[in-house]
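*Asks:* Below is the structure I would like to discuss, written out as structure tokens.
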Amino acid sequence: MKLVISDSHEGLKAAATKVLKATWQRCRVHFMRNALAYAPKTQRRMVSAAIATVFAQETAKEAREQWRVVADQLRAKLPKLGELMDTAEHEVLA
């Protein structure tokens, strides 16, 4: 096994590295659930659509650039979501 994709549970992350000797990546679906928890119900579709633009990019470089654009746009109204995106960028885009 070379890659484990899961939520950001610390035990799973540790087991992937220590026991399986595999690289770990944060699951996009789990990340999206975590992200939407920081958005009011009325803004969840917009937040979801904005974050989805990251995954529509053709290269890793473009995805990282778009991630920063989206994080900065969301940060103004949803600072906790912006903070989550800052900390999760490397995990989600690994």
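Residues in the structure tokens are numbered from 1 in each chain, the chains being A, B, ... in the order shown, and ligands are numbered from 1 in the order shown.
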Just want the 8 Å neighbourhood of stretch 46-60 of chain A, counted on only C-alpha atoms, with same-chain residues fewer than 2 positions away dropped. Output as an MDAnalysis selection string.
*Replies:* chainID A and resid 32 36 39 43:44 62:64 66:67 70 74 93
*Asks:* Write the residues of the selection above to a file with N, CA, C and O atoms, as a PDB file, in the first residue's frame.
*Replies:*
```pdb
ATOM      1  N   MET A  32     -14.560  18.637   2.612  1.00  0.00           N
ATOM      2  CA  MET A  32     -15.711  19.472   2.242  1.00  0.00           C
ATOM      3  C   MET A  32     -16.734  19.504   3.379  1.00  0.00           C
ATOM      4  O   MET A  32     -17.291  20.552   3.684  1.00  0.00           O
ATOM      5  N   LEU A  36     -17.818  22.963   5.140  1.00  0.00           N
ATOM      6  CA  LEU A  36     -19.206  23.433   5.141  1.00  0.00           C
ATOM      7  C   LEU A  36     -19.746  23.655   6.549  1.00  0.00           C
ATOM      8  O   LEU A  36     -20.686  24.426   6.740  1.00  0.00           O
ATOM      9  N   ALA A  39     -19.733  27.277   7.377  1.00  0.00           N
ATOM     10  CA  ALA A  39     -20.544  28.180   6.562  1.00  0.00           C
ATOM     11  C   ALA A  39     -22.009  28.129   7.000  1.00  0.00           C
ATOM     12  O   ALA A  39     -22.532  27.056   7.288  1.00  0.00           O
ATOM     13  N   GLN A  43     -25.127  29.865   2.733  1.00  0.00           N
ATOM     14  CA  GLN A  43     -23.918  30.067   1.935  1.00  0.00           C
ATOM     15  C   GLN A  43     -23.203  28.773   1.558  1.00  0.00           C
ATOM     16  O   GLN A  43     -22.180  28.806   0.891  1.00  0.00           O
ATOM     17  N   ARG A  44     -23.738  27.655   1.952  1.00  0.00           N
ATOM     18  CA  ARG A  44     -23.044  26.380   1.725  1.00  0.00           C
ATOM     19  C   ARG A  44     -22.904  26.029   0.251  1.00  0.00           C
ATOM     20  O   ARG A  44     -21.878  25.502  -0.164  1.00  0.00           O
ATOM     21  N   GLU A  62      -1.751  24.880 -10.674  1.00  0.00           N
ATOM     22  CA  GLU A  62      -2.985  25.659 -10.828  1.00  0.00           C
ATOM     23  C   GLU A  62      -3.943  25.409  -9.668  1.00  0.00           C
ATOM     24  O   GLU A  62      -4.615  26.339  -9.203  1.00  0.00           O
ATOM     25  N   ALA A  63      -4.006  24.174  -9.189  1.00  0.00           N
ATOM     26  CA  ALA A  63      -4.878  23.844  -8.056  1.00  0.00           C
ATOM     27  C   ALA A  63      -4.426  24.588  -6.804  1.00  0.00           C
ATOM     28  O   ALA A  63      -5.253  25.145  -6.074  1.00  0.00           O
ATOM     29  N   ARG A  64      -3.115  24.623  -6.550  1.00  0.00           N
ATOM     30  CA  ARG A  64      -2.599  25.343  -5.384  1.00  0.00           C
ATOM     31  C   ARG A  64      -2.893  26.843  -5.497  1.00  0.00           C
ATOM     32  O   ARG A  64      -3.293  27.480  -4.514  1.00  0.00           O
ATOM     33  N   GLN A  66      -5.332  28.259  -7.204  1.00  0.00           N
ATOM     34  CA  GLN A  66      -6.776  28.460  -7.041  1.00  0.00           C
ATOM     35  C   GLN A  66      -7.183  28.285  -5.585  1.00  0.00           C
ATOM     36  O   GLN A  66      -8.057  28.991  -5.089  1.00  0.00           O
ATOM     37  N   TRP A  67      -6.548  27.361  -4.883  1.00  0.00           N
ATOM     38  CA  TRP A  67      -6.828  27.153  -3.457  1.00  0.00           C
ATOM     39  C   TRP A  67      -6.607  28.458  -2.701  1.00  0.00           C
ATOM     40  O   TRP A  67      -7.420  28.873  -1.893  1.00  0.00           O
ATOM     41  N   VAL A  70      -9.361  31.054  -3.547  1.00  0.00           N
ATOM     42  CA  VAL A  70     -10.624  30.718  -2.881  1.00  0.00           C
ATOM     43  C   VAL A  70     -10.517  30.974  -1.376  1.00  0.00           C
ATOM     44  O   VAL A  70     -11.420  31.574  -0.779  1.00  0.00           O
ATOM     45  N   LEU A  74     -12.918  33.608   0.664  1.00  0.00           N
ATOM     46  CA  LEU A  74     -13.814  33.161   1.732  1.00  0.00           C
ATOM     47  C   LEU A  74     -13.439  33.734   3.089  1.00  0.00           C
ATOM     48  O   LEU A  74     -14.294  33.930   3.948  1.00  0.00           O
ATOM     49  N   LEU A  93      -4.309  18.703  -1.008  1.00  0.00           N
ATOM     50  CA  LEU A  93      -3.694  18.764  -2.342  1.00  0.00           C
ATOM     51  C   LEU A  93      -2.430  17.926  -2.449  1.00  0.00           C
ATOM     52  O   LEU A  93      -1.650  18.116  -3.387  1.00  0.00           O
TER      53      LEU A  93
END
```
*Asks:* To test your reading of the structure, identify every residue in stretch 14-87 of chain A that backbone DSSP assigns to strand (DSSP E), and report it as a PyMOL selection string.
*Replies:* chain A and resi 23-26
*Asks:* Just give me the gap between atom CA of A:Ala94 and atom CA of A:Arg26 in Å, one decimal is fine.
*Replies:*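 Interatomic distance here is 8.0 Å.
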*Asks:* What does the structure give for the distance between atom CA of A:Arg45 and atom CA of A:Glu83, in Å to one decimal?
*Replies:*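 Computed distance, atom CA of A:Arg45 to atom CA of A:Glu83, equals 19.2 Å.
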*Asks:* Just give me the gap between atom CA of A:Asp72 and atom CA of A:Thr87 in Å, one decimal is fine.
*Replies:*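 The value is 13.1 Å.
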*Asks:* Among stretch 22-63 of chain A, which residues carry a DSSP assignment of alpha helix (DSSP H), reported as a list of chain:residue names?
*Replies:* A:Arg28, A:Val29, A:His30, A:Phe31, A:Met32, A:Arg33, A:Asn34, A:Ala35, A:Leu36, A:Arg44, A:Arg45, A:Met46, A:Val47, A:Ser48, A:Ala49, A:Ala50, A:Ile51, A:Ala52, A:Thr53, A:Val54, A:Phe55, A:Ala60, A:Lys61, A:Glu62, A:Ala63
